[in-house]
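Below is upload_27.cif, which holds mmCIF, C-alpha atoms and all ligand atoms.
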data_structure
#
loop_
_atom_site.label_atom_id
_atom_site.label_comp_id
_atom_site.auth_asym_id
_atom_site.auth_seq_id
_atom_site.Cartn_x
_atom_site.Cartn_y
_atom_site.Cartn_z
CA MET A 1 35.24 -16.42 95.50
CA CYS A 2 33.06 -18.29 93.04
CA SER A 3 34.20 -21.25 90.97
CA GLY A 4 34.30 -22.24 87.29
CA ILE A 5 37.97 -21.56 86.64
CA ASP A 6 40.93 -23.20 88.30
CA LEU A 7 41.55 -20.85 91.21
CA THR A 8 44.06 -22.94 93.04
CA ASP A 9 46.97 -20.64 92.26
CA LEU A 10 45.15 -17.38 93.01
CA PRO A 11 45.29 -15.97 96.53
CA PRO A 12 42.08 -16.32 98.58
CA LEU A 13 41.63 -12.63 99.42
CA GLY A 14 38.50 -10.84 100.56
CA ALA A 15 37.29 -12.89 103.53
CA ASP A 16 37.04 -10.00 105.97
CA PRO A 17 34.29 -7.63 104.71
CA SER A 18 35.42 -4.87 107.08
CA ARG A 19 38.69 -4.29 105.24
CA THR A 20 39.95 -3.66 101.73
CA TYR A 21 42.50 -5.96 100.13
CA ARG A 22 45.03 -4.96 97.48
CA LEU A 23 45.92 -7.58 94.89
CA GLY A 24 49.00 -6.73 92.82
CA ILE A 25 49.14 -8.20 89.31
CA MET A 26 52.50 -8.22 87.56
CA GLY A 27 51.78 -9.02 83.92
CA GLY A 28 54.47 -9.79 81.41
CA THR A 29 55.84 -12.10 78.79
CA PHE A 30 58.65 -13.10 81.17
CA ASP A 31 60.76 -14.62 78.40
CA PRO A 32 62.65 -15.06 80.70
CA ILE A 33 61.78 -13.35 83.99
CA HIS A 34 64.62 -11.22 85.41
CA TYR A 35 65.45 -9.01 88.39
CA GLY A 36 63.95 -5.93 86.67
CA HIS A 37 60.52 -7.57 86.95
CA LEU A 38 61.11 -8.76 90.48
CA VAL A 39 62.38 -5.47 91.87
CA ALA A 40 59.48 -3.53 90.31
CA ALA A 41 56.95 -5.89 91.89
CA GLU A 42 58.66 -5.79 95.28
CA GLN A 43 58.73 -1.99 95.24
CA ALA A 44 55.04 -1.89 94.33
CA PHE A 45 54.29 -4.31 97.16
CA ASP A 46 56.06 -2.06 99.65
CA ASP A 47 55.02 1.38 98.44
CA LEU A 48 51.36 0.58 97.80
CA GLY A 49 50.79 -1.72 100.76
CA LEU A 50 49.75 -4.63 98.53
CA ASP A 51 48.66 -7.88 100.18
CA VAL A 52 50.29 -10.06 97.55
CA VAL A 53 51.66 -9.80 94.00
CA VAL A 54 50.60 -12.39 91.44
CA PHE A 55 52.95 -12.80 88.48
CA MET A 56 50.94 -13.68 85.39
CA PRO A 57 52.86 -14.76 82.32
CA ALA A 58 50.78 -13.86 79.25
CA GLY A 59 49.73 -16.91 77.21
CA ARG A 60 49.86 -15.20 73.79
CA PRO A 61 51.09 -11.63 74.36
CA ALA A 62 48.91 -9.28 72.32
CA PHE A 63 51.69 -7.02 71.10
CA LYS A 64 54.14 -9.83 70.31
CA LEU A 65 52.04 -11.88 67.88
CA ASP A 66 54.67 -11.40 65.16
CA LYS A 67 57.52 -12.50 67.44
CA LYS A 68 58.76 -15.90 68.45
CA VAL A 69 57.87 -16.39 72.10
CA THR A 70 58.93 -19.31 74.29
CA SER A 71 56.13 -21.69 75.31
CA GLY A 72 53.85 -20.58 78.11
CA GLU A 73 54.79 -23.69 80.08
CA ASP A 74 58.49 -22.78 80.11
CA ARG A 75 57.82 -19.10 80.88
CA TYR A 76 55.44 -20.08 83.67
CA ALA A 77 57.96 -22.59 85.11
CA MET A 78 60.70 -19.94 85.18
CA THR A 79 58.32 -17.44 86.77
CA LEU A 80 57.40 -19.99 89.43
CA LEU A 81 61.07 -20.65 90.19
CA ALA A 82 61.90 -16.95 90.39
CA THR A 83 59.06 -16.09 92.76
CA SER A 84 59.03 -19.16 95.00
CA ASP A 85 61.32 -17.79 97.72
CA ASN A 86 59.24 -14.65 98.30
CA PRO A 87 56.27 -15.25 100.64
CA HIS A 88 54.20 -12.43 99.13
CA PHE A 89 54.82 -13.37 95.47
CA LEU A 90 52.79 -15.97 93.59
CA ALA A 91 52.97 -17.24 90.02
CA SER A 92 49.68 -17.93 88.28
CA ARG A 93 48.67 -19.96 85.23
CA PHE A 94 45.58 -17.77 84.82
CA GLU A 95 46.63 -16.27 81.46
CA VAL A 96 48.80 -19.15 80.24
CA ASP A 97 45.82 -21.49 80.38
CA ARG A 98 43.41 -19.14 78.59
CA GLU A 99 42.86 -19.82 74.89
CA GLY A 100 43.61 -17.18 72.31
CA VAL A 101 45.37 -13.84 72.44
CA THR A 102 45.95 -12.55 75.97
CA TYR A 103 44.20 -9.28 76.71
CA THR A 104 44.54 -7.63 80.12
CA ALA A 105 40.93 -6.43 80.02
CA ASP A 106 39.76 -10.08 79.78
CA THR A 107 41.92 -10.98 82.75
CA LEU A 108 40.60 -8.12 84.86
CA ARG A 109 36.98 -8.82 83.94
CA GLN A 110 37.43 -12.47 84.92
CA LEU A 111 39.16 -11.59 88.16
CA ARG A 112 36.45 -9.06 88.99
CA GLY A 113 33.90 -11.85 88.69
CA LEU A 114 35.93 -14.05 91.01
CA TYR A 115 36.76 -11.69 93.85
CA PRO A 116 34.42 -9.73 96.12
CA ALA A 117 34.30 -5.93 95.82
CA ASN A 118 36.61 -5.37 98.80
CA VAL A 119 39.53 -6.72 96.72
CA GLU A 120 41.10 -4.00 94.56
CA PHE A 121 43.39 -4.73 91.65
CA TYR A 122 46.74 -3.01 91.08
CA PHE A 123 48.16 -3.80 87.66
CA ILE A 124 51.92 -3.23 87.63
CA THR A 125 53.78 -2.25 84.46
CA GLY A 126 57.05 -0.66 83.47
CA ALA A 127 57.35 2.76 81.84
CA ASP A 128 57.43 1.25 78.32
CA ALA A 129 54.25 -0.77 78.70
CA ILE A 130 52.28 1.99 80.43
CA THR A 131 53.00 4.35 77.55
CA GLU A 132 51.15 2.00 75.20
CA ILE A 133 48.26 1.22 77.50
CA VAL A 134 45.84 3.58 75.78
CA ALA A 135 46.15 1.29 72.73
CA TRP A 136 45.37 -1.89 74.64
CA ARG A 137 42.14 -3.76 73.94
CA ASP A 138 39.18 -2.28 75.90
CA ALA A 139 41.41 0.26 77.65
CA GLU A 140 38.35 1.92 79.20
CA ASP A 141 37.55 -1.35 81.00
CA ILE A 142 41.10 -1.54 82.30
CA ALA A 143 40.71 2.00 83.64
CA ARG A 144 37.47 1.01 85.33
CA LEU A 145 38.67 -2.26 86.83
CA ALA A 146 42.21 -1.62 88.06
CA HIS A 147 44.57 0.89 89.52
CA LEU A 148 47.75 1.11 87.47
CA VAL A 149 51.24 1.15 88.87
CA ALA A 150 53.84 2.55 86.49
CA ALA A 151 57.42 1.69 87.43
CA THR A 152 60.41 3.67 86.22
CA ARG A 153 62.59 1.79 83.76
CA PRO A 154 65.97 2.98 82.45
CA GLY A 155 65.69 4.19 78.86
CA TYR A 156 61.95 4.92 79.05
CA ASP A 157 60.37 8.23 79.93
CA LEU A 158 57.39 8.16 82.30
CA ASP A 159 56.45 11.68 81.13
CA ARG A 160 55.56 10.16 77.76
CA ALA A 161 53.17 7.79 79.53
CA TRP A 162 51.67 10.68 81.42
CA ASP A 163 51.16 12.61 78.16
CA ALA A 164 49.61 9.62 76.37
CA ILE A 165 47.23 8.90 79.24
CA SER A 166 46.21 12.54 79.64
CA ALA A 167 45.57 12.88 75.90
CA SER A 168 43.44 9.71 75.85
CA GLY A 169 40.78 11.20 78.10
CA LEU A 170 40.49 7.81 79.82
CA ALA A 171 40.15 7.89 83.60
CA PHE A 172 43.16 5.79 84.50
CA ASP A 173 44.22 5.88 88.13
CA VAL A 174 48.01 5.70 87.86
CA THR A 175 50.57 5.65 90.65
CA TYR A 176 54.06 6.40 89.42
CA LEU A 177 56.69 4.35 91.19
CA SER A 178 60.42 4.93 91.37
CA VAL A 179 62.22 1.59 91.43
CA PRO A 180 65.96 0.84 91.70
CA ALA A 181 67.22 1.17 88.15
CA LEU A 182 68.08 -2.04 86.35
CA ALA A 183 68.85 -1.42 82.70
CA ILE A 184 68.12 -5.00 81.73
CA SER A 185 65.51 -6.74 79.60
CA SER A 186 64.52 -10.26 78.66
CA SER A 187 65.95 -9.60 75.17
CA TYR A 188 69.30 -8.78 76.75
CA LEU A 189 69.24 -12.00 78.76
CA ARG A 190 68.32 -14.04 75.65
CA GLU A 191 71.23 -12.51 73.76
CA ARG A 192 73.61 -13.32 76.58
CA VAL A 193 72.46 -16.93 76.80
CA GLY A 194 72.86 -17.36 73.06
CA ALA A 195 76.37 -15.94 73.30
CA GLY A 196 77.26 -18.30 76.16
CA GLN A 197 77.52 -15.47 78.68
CA SER A 198 76.65 -15.43 82.36
CA LEU A 199 73.21 -14.47 83.70
CA ARG A 200 74.42 -14.26 87.27
CA TYR A 201 72.93 -11.22 89.10
CA LEU A 202 70.47 -10.67 86.23
CA THR A 203 68.00 -13.41 87.15
CA PRO A 204 67.83 -16.02 89.94
CA ASP A 205 70.18 -18.97 89.47
CA SER A 206 67.19 -21.32 89.47
CA VAL A 207 65.96 -19.63 86.27
CA THR A 208 69.40 -19.91 84.69
CA GLY A 209 69.49 -23.58 85.62
CA TYR A 210 66.07 -24.18 84.07
CA LEU A 211 66.75 -22.46 80.78
CA HIS A 212 70.00 -24.32 80.34
CA LYS A 213 68.45 -27.64 81.26
CA HIS A 214 65.72 -27.06 78.68
CA ALA A 215 68.11 -25.59 76.10
CA LEU A 216 66.12 -22.34 75.75
CA TYR A 217 67.43 -19.30 73.85
CA GLY A 218 70.14 -21.29 72.10
CA ALA A 219 71.73 -22.20 75.42
CA LYS A 220 74.76 -24.33 74.90
CA SER A 221 76.44 -26.40 77.52
CA SER A 222 78.62 -23.78 79.13
CA ARG A 223 80.37 -23.07 82.38
CA TYR A 224 77.40 -20.88 83.36
CA GLY A 225 74.70 -23.45 82.75
CA GLN A 226 74.85 -25.80 85.67
CA THR A 227 73.73 -24.90 89.15
CA GLU A 228 72.78 -26.94 92.18
CA GLU A 229 69.29 -25.42 92.04
CA VAL A 230 68.05 -26.89 88.76
CA VAL A 231 64.43 -27.89 89.23
CA ALA A 232 61.94 -29.59 86.92
N1 LIG A 301 64.26 -3.52 83.92
C1 LIG A 301 62.97 -3.24 84.16
N2 LIG A 301 62.61 -2.27 85.04
C2 LIG A 301 61.29 -1.98 85.27
N3 LIG A 301 60.26 -2.61 84.64
C3 LIG A 301 60.56 -3.58 83.76
C4 LIG A 301 61.91 -3.95 83.48
N4 LIG A 301 61.91 -4.95 82.56
C5 LIG A 301 60.61 -5.17 82.26
N5 LIG A 301 59.78 -4.39 82.98
C6 LIG A 301 58.32 -4.35 82.93
O1 LIG A 301 57.84 -5.67 83.19
C7 LIG A 301 56.69 -5.97 82.40
C8 LIG A 301 56.90 -7.23 81.60
O2 LIG A 301 57.98 -7.02 80.72
P1 LIG A 301 58.46 -8.11 79.66
O3 LIG A 301 58.15 -9.48 80.19
O4 LIG A 301 57.98 -7.76 78.30
O5 LIG A 301 60.05 -7.93 79.78
P2 LIG A 301 61.07 -7.18 78.84
O6 LIG A 301 62.37 -7.20 79.58
O7 LIG A 301 60.54 -5.82 78.44
O8 LIG A 301 61.11 -8.16 77.59
P3 LIG A 301 61.67 -8.03 76.09
O9 LIG A 301 63.09 -7.56 76.16
O10 LIG A 301 61.53 -9.43 75.57
O11 LIG A 301 60.76 -7.04 75.39
C9 LIG A 301 56.45 -4.73 81.52
O12 LIG A 301 55.47 -3.92 82.14
C10 LIG A 301 57.80 -4.03 81.53
O13 LIG A 301 57.66 -2.64 81.36
O1 LIG A 302 45.46 -6.13 76.62
C1 LIG A 302 46.20 -5.66 75.74
O2 LIG A 302 45.77 -5.19 74.67
C2 LIG A 302 47.71 -5.69 76.01
C3 LIG A 302 48.61 -5.26 75.05
C4 LIG A 302 49.97 -5.31 75.35
C5 LIG A 302 50.42 -5.78 76.59
N1 LIG A 302 49.49 -6.18 77.50
C6 LIG A 302 49.94 -6.72 78.82
O3 LIG A 302 51.00 -5.94 79.34
C7 LIG A 302 51.88 -6.74 80.09
C8 LIG A 302 53.28 -6.52 79.56
O4 LIG A 302 53.32 -6.97 78.22
P1 LIG A 302 54.70 -7.23 77.45
O5 LIG A 302 54.28 -7.55 76.05
O6 LIG A 302 55.48 -5.94 77.58
O7 LIG A 302 55.37 -8.36 78.15
C9 LIG A 302 51.38 -8.17 79.93
O8 LIG A 302 50.58 -8.51 81.05
C10 LIG A 302 50.52 -8.10 78.68
O9 LIG A 302 49.48 -9.07 78.64
C11 LIG A 302 48.17 -6.15 77.24
#
Please re-express this file's structure in structure tokens.
Amino acid sequence: MCSGIDLTDLPPLGADPSRTYRLGIMGGTFDPIHYGHLVAAEQAFDDLGLDVVVFMPAGRPAFKLDKKVTSGEDRYAMTLLATSDNPHFLASRFEVDREGVTYTADTLRQLRGLYPANVEFYFITGADAITEIVAWRDAEDIARLAHLVAATRPGYDLDRAWDAISASGLAFDVTYLSVPALAISSSYLRERVGAGQSLRYLTPDSVTGYLHKHALYGAKSSRYGQTEEVVA
């Protein structure tokens, strides 16, 4: 790997030229991260034989410019907490630290320059995000640089993604992935926090502890806020 960017939180793959490595990239706003994200990434790891999955919170999510989004530092911290007990998950600051709007094509181009050719990229998304991918910035570069992994998500139809991708004429390589259904979203978690409701079994307790400690999402002091695992 060459230098120029802080690579300390990216996995050092590619050393053995006789084999191919598979780097999973789970992109998202993660505001906050929840078990829907984690189970999709774990399933991709298993089914596609990935070497590692890097969770990359988007610094300024391209399709959420009109929405209020929690700071990248807080979203990164929660992502780090949620992934720290899984030996093949990593959290990366790669997109949080980049100036400007976060585009996946920029990320993939940068990563391509950093890793040797025997490291392949697998960008993991849910059924909602994959349906929009043809409208992402430089979609043809995304198609060229990464395999896509499209995870099922309750309430979203993967056939629509298939139709949109077929109609685009872009040569995406997509693997469709059936993941255990979790009909949850970050919006749902934010609503629950604001209403003083429990997040138990929706996200790791360490994340719940963090967002209460930092009073995110209108968290009030409540019987659900304090855990032994509060970090940072
Ligand atoms: N429950 C879920 N099952 C499968 N995939 C999911 C699930 N929730 C989110 N994803 C996928 O994870 C990626 C990141 O999602 P994101 O961080 O925007 O979470 P979200 O729950 O959709 O957030 P919000 O409710 O704020 O829109 C996207 O590709 C999305 O499709
Ligand atoms: O590059 C783009 O144009 C683009 C547009 C929308 C979303 N994305 C990426 O898709 C992932 C999921 O985004 P979101 O907004 O659903 O959290 C995340 O990694 C985003 O950076 C990328």
Excluding Ser92 in chain A and its own-chain neighbours fewer than 2 positions away, which residues fall within 8 Å of it when counting all atoms listed in the file? Please give them as a PDB file with C-alpha atoms, in the frame of the given file.
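Output saved as part-v3.pdb:
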ATOM      1  CA  ASP A   9      46.970 -20.640  92.260  1.00  0.00           C
ATOM      2  CA  LEU A  10      45.150 -17.380  93.010  1.00  0.00           C
ATOM      3  CA  VAL A  54      50.600 -12.390  91.440  1.00  0.00           C
ATOM      4  CA  PHE A  55      52.950 -12.800  88.480  1.00  0.00           C
ATOM      5  CA  MET A  56      50.940 -13.680  85.390  1.00  0.00           C
ATOM      6  CA  PRO A  57      52.860 -14.760  82.320  1.00  0.00           C
ATOM      7  CA  TYR A  76      55.440 -20.080  83.670  1.00  0.00           C
ATOM      8  CA  LEU A  90      52.790 -15.970  93.590  1.00  0.00           C
ATOM      9  CA  PHE A  94      45.580 -17.770  84.820  1.00  0.00           C
ATOM     10  CA  GLU A  95      46.630 -16.270  81.460  1.00  0.00           C
TER      11      GLU A  95
END
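Surrounding range 104-110 of chain A within 10 Å are A:Ile5, A:Ile25, A:Gly27, A:Met56, A:Ala58, A:Pro61, A:Ala62, A:Phe94, A:Glu95, A:Arg98, A:Leu114, A:Tyr115, A:Phe121, A:Phe123, A:Ile133, A:Trp136, A:Arg137, A:Asp138, A:Ala139, A:Glu140, A:Asp141, A:Ile142, A:Ala143, A:Arg144, A:Leu145, A:Ala146, with only C-alpha atoms counted and residues fewer than 4 positions along the same chain left out.
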Give me a file of those residues, with C-alpha atoms, as an mmCIF file, in the frame of the given file.
data_model
loop_
_atom_site.group_PDB
_atom_site.id
_atom_site.type_symbol
_atom_site.label_atom_id
_atom_site.label_comp_id
_atom_site.auth_asym_id
_atom_site.auth_seq_id
_atom_site.Cartn_x
_atom_site.Cartn_y
_atom_site.Cartn_z
ATOM 1 C CA ILE A 5 37.970 -21.560 86.640
ATOM 2 C CA ILE A 25 49.140 -8.200 89.310
ATOM 3 C CA GLY A 27 51.780 -9.020 83.920
ATOM 4 C CA MET A 56 50.940 -13.680 85.390
ATOM 5 C CA ALA A 58 50.780 -13.860 79.250
ATOM 6 C CA PRO A 61 51.090 -11.630 74.360
ATOM 7 C CA ALA A 62 48.910 -9.280 72.320
ATOM 8 C CA PHE A 94 45.580 -17.770 84.820
ATOM 9 C CA GLU A 95 46.630 -16.270 81.460
ATOM 10 C CA ARG A 98 43.410 -19.140 78.590
ATOM 11 C CA LEU A 114 35.930 -14.050 91.010
ATOM 12 C CA TYR A 115 36.760 -11.690 93.850
ATOM 13 C CA PHE A 121 43.390 -4.730 91.650
ATOM 14 C CA PHE A 123 48.160 -3.800 87.660
ATOM 15 C CA ILE A 133 48.260 1.220 77.500
ATOM 16 C CA TRP A 136 45.370 -1.890 74.640
ATOM 17 C CA ARG A 137 42.140 -3.760 73.940
ATOM 18 C CA ASP A 138 39.180 -2.280 75.900
ATOM 19 C CA ALA A 139 41.410 0.260 77.650
ATOM 20 C CA GLU A 140 38.350 1.920 79.200
ATOM 21 C CA ASP A 141 37.550 -1.350 81.000
ATOM 22 C CA ILE A 142 41.100 -1.540 82.300
ATOM 23 C CA ALA A 143 40.710 2.000 83.640
ATOM 24 C CA ARG A 144 37.470 1.010 85.330
ATOM 25 C CA LEU A 145 38.670 -2.260 86.830
ATOM 26 C CA ALA A 146 42.210 -1.620 88.060
#
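Here CA of Lys64 in chain A is placed at a distance of 13.3 Å from CA of Ser186 in chain A.
Restricting the calculation to all atoms listed in the file, the smallest distance between Leu216 in chain A and any of A:Thr125, A:Leu170, A:Leu23, A:Arg75 is found for A:Arg75.
Pairwise distance (CA of Gly209 in chain A, CA of Phe63 in chain A) equals 28.3 Å.
When all atoms listed in the file are used to compute distances to Met26 in chain A, the closest of the residues A:Ala167, A:Ala135, A:Gly126, A:Asp97 turns out to be A:Gly126.
Proximity ranking of A:Asn118, A:Ser178, A:Thr79, A:Thr29 relative to ligand LIG 301 (chain A) places A:Thr29 first, based on all atoms listed in the file.
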Kindly provide, as an MDAnalysis selection string, all nucleotide and amino acid residues lying within 6 Å of ligand LIG 301 (chain A), counting all atoms listed in the file.
chainID A and resid 27:31 36:37 40 125:129 151:153 182:187
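Of the residues under consideration (A:Arg60, A:Arg22, A:Arg112, A:His88), A:Arg60 shows the shortest atom-to-atom contact distance to ligand LIG 302 (chain A) when counting only C-alpha atoms and all ligand atoms.
The interatomic distance for the pair CA of Val174 in chain A and CA of Val149 in chain A works out to 5.7 Å.
When only C-alpha atoms are used to compute distances to Asp74 in chain A, the closest of the residues A:Ser198, A:Pro11, A:Tyr176, A:Pro32 turns out to be A:Pro32.
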Do you know which residues are at most 9 Å from Thr131 in chain A counting only C-alpha atoms, after dropping those on the same chain fewer than 6 positions away, and could you put them as a list in words?
Asp157, Leu158, Asp159, Arg160, Ala161, Trp162, Asp163, Ala164 and Ile165 of chain A
Could you write range 147-175 of chain A as a CSV table (one decimal), in the coordinates of the input, with N, CA and C atoms rebuilt where they are missing?
chain,number,residue,atom,x,y,z
A,147,HIS,N,43.6,-0.2,89.4
A,147,HIS,CA,44.6,0.9,89.5
A,147,HIS,C,45.8,0.5,88.7
A,148,LEU,N,46.5,1.4,88.2
A,148,LEU,CA,47.8,1.1,87.5
A,148,LEU,C,48.9,1.6,88.3
A,149,VAL,N,50.0,0.8,88.2
A,149,VAL,CA,51.2,1.2,88.9
A,149,VAL,C,52.3,1.2,87.8
A,150,ALA,N,52.9,2.4,87.6
A,150,ALA,CA,53.8,2.6,86.5
A,150,ALA,C,55.2,2.7,87.1
A,151,ALA,N,56.1,1.7,86.9
A,151,ALA,CA,57.4,1.7,87.4
A,151,ALA,C,58.4,2.3,86.5
A,152,THR,N,59.3,3.1,87.0
A,152,THR,CA,60.4,3.7,86.2
A,152,THR,C,61.2,2.5,85.6
A,153,ARG,N,61.7,2.8,84.4
A,153,ARG,CA,62.6,1.8,83.8
A,153,ARG,C,63.6,2.5,83.0
A,154,PRO,N,64.9,2.2,83.2
A,154,PRO,CA,66.0,3.0,82.4
A,154,PRO,C,65.7,2.9,80.9
A,155,GLY,N,65.9,4.1,80.3
A,155,GLY,CA,65.7,4.2,78.9
A,155,GLY,C,64.3,4.5,78.4
A,156,TYR,N,63.3,4.6,79.4
A,156,TYR,CA,62.0,4.9,79.0
A,156,TYR,C,61.5,6.1,79.9
A,157,ASP,N,60.7,7.0,79.3
A,157,ASP,CA,60.4,8.2,79.9
A,157,ASP,C,58.9,8.2,80.4
A,158,LEU,N,58.8,8.2,81.8
A,158,LEU,CA,57.4,8.2,82.3
A,158,LEU,C,56.6,9.4,81.9
A,159,ASP,N,57.2,10.5,81.6
A,159,ASP,CA,56.4,11.7,81.1
A,159,ASP,C,55.7,11.4,79.9
A,160,ARG,N,56.3,10.5,79.0
A,160,ARG,CA,55.6,10.2,77.8
A,160,ARG,C,54.3,9.4,78.1
A,161,ALA,N,54.4,8.5,79.1
A,161,ALA,CA,53.2,7.8,79.5
A,161,ALA,C,52.1,8.7,80.1
A,162,TRP,N,52.6,9.7,80.9
A,162,TRP,CA,51.7,10.7,81.4
A,162,TRP,C,51.0,11.4,80.3
A,163,ASP,N,51.7,11.9,79.3
A,163,ASP,CA,51.2,12.6,78.2
A,163,ASP,C,50.1,11.8,77.4
A,164,ALA,N,50.5,10.5,77.1
A,164,ALA,CA,49.6,9.6,76.4
A,164,ALA,C,48.3,9.4,77.1
A,165,ILE,N,48.4,9.2,78.4
A,165,ILE,CA,47.2,8.9,79.2
A,165,ILE,C,46.4,10.1,79.3
A,166,SER,N,47.0,11.3,79.6
A,166,SER,CA,46.2,12.5,79.6
A,166,SER,C,45.5,12.8,78.3
A,167,ALA,N,46.2,12.6,77.2
A,167,ALA,CA,45.6,12.9,75.9
A,167,ALA,C,44.4,11.9,75.6
A,168,SER,N,44.5,10.7,76.2
A,168,SER,CA,43.4,9.7,75.8
A,168,SER,C,42.1,10.1,76.4
A,169,GLY,N,42.1,10.9,77.5
A,169,GLY,CA,40.8,11.2,78.1
A,169,GLY,C,40.2,10.1,78.9
A,170,LEU,N,41.0,8.9,79.0
A,170,LEU,CA,40.5,7.8,79.8
A,170,LEU,C,40.9,8.0,81.3
A,171,ALA,N,40.0,7.6,82.2
A,171,ALA,CA,40.2,7.9,83.6
A,171,ALA,C,41.0,6.8,84.3
A,172,PHE,N,42.3,6.7,83.8
A,172,PHE,CA,43.2,5.8,84.5
A,172,PHE,C,43.6,6.4,85.9
A,173,ASP,N,43.7,5.5,86.8
A,173,ASP,CA,44.2,5.9,88.1
A,173,ASP,C,45.6,5.3,88.2
A,174,VAL,N,46.6,6.2,88.0
A,174,VAL,CA,48.0,5.7,87.9
A,174,VAL,C,48.8,6.2,89.0
A,175,THR,N,49.6,5.3,89.7
A,175,THR,CA,50.6,5.6,90.6
A,175,THR,C,51.9,5.5,90.0
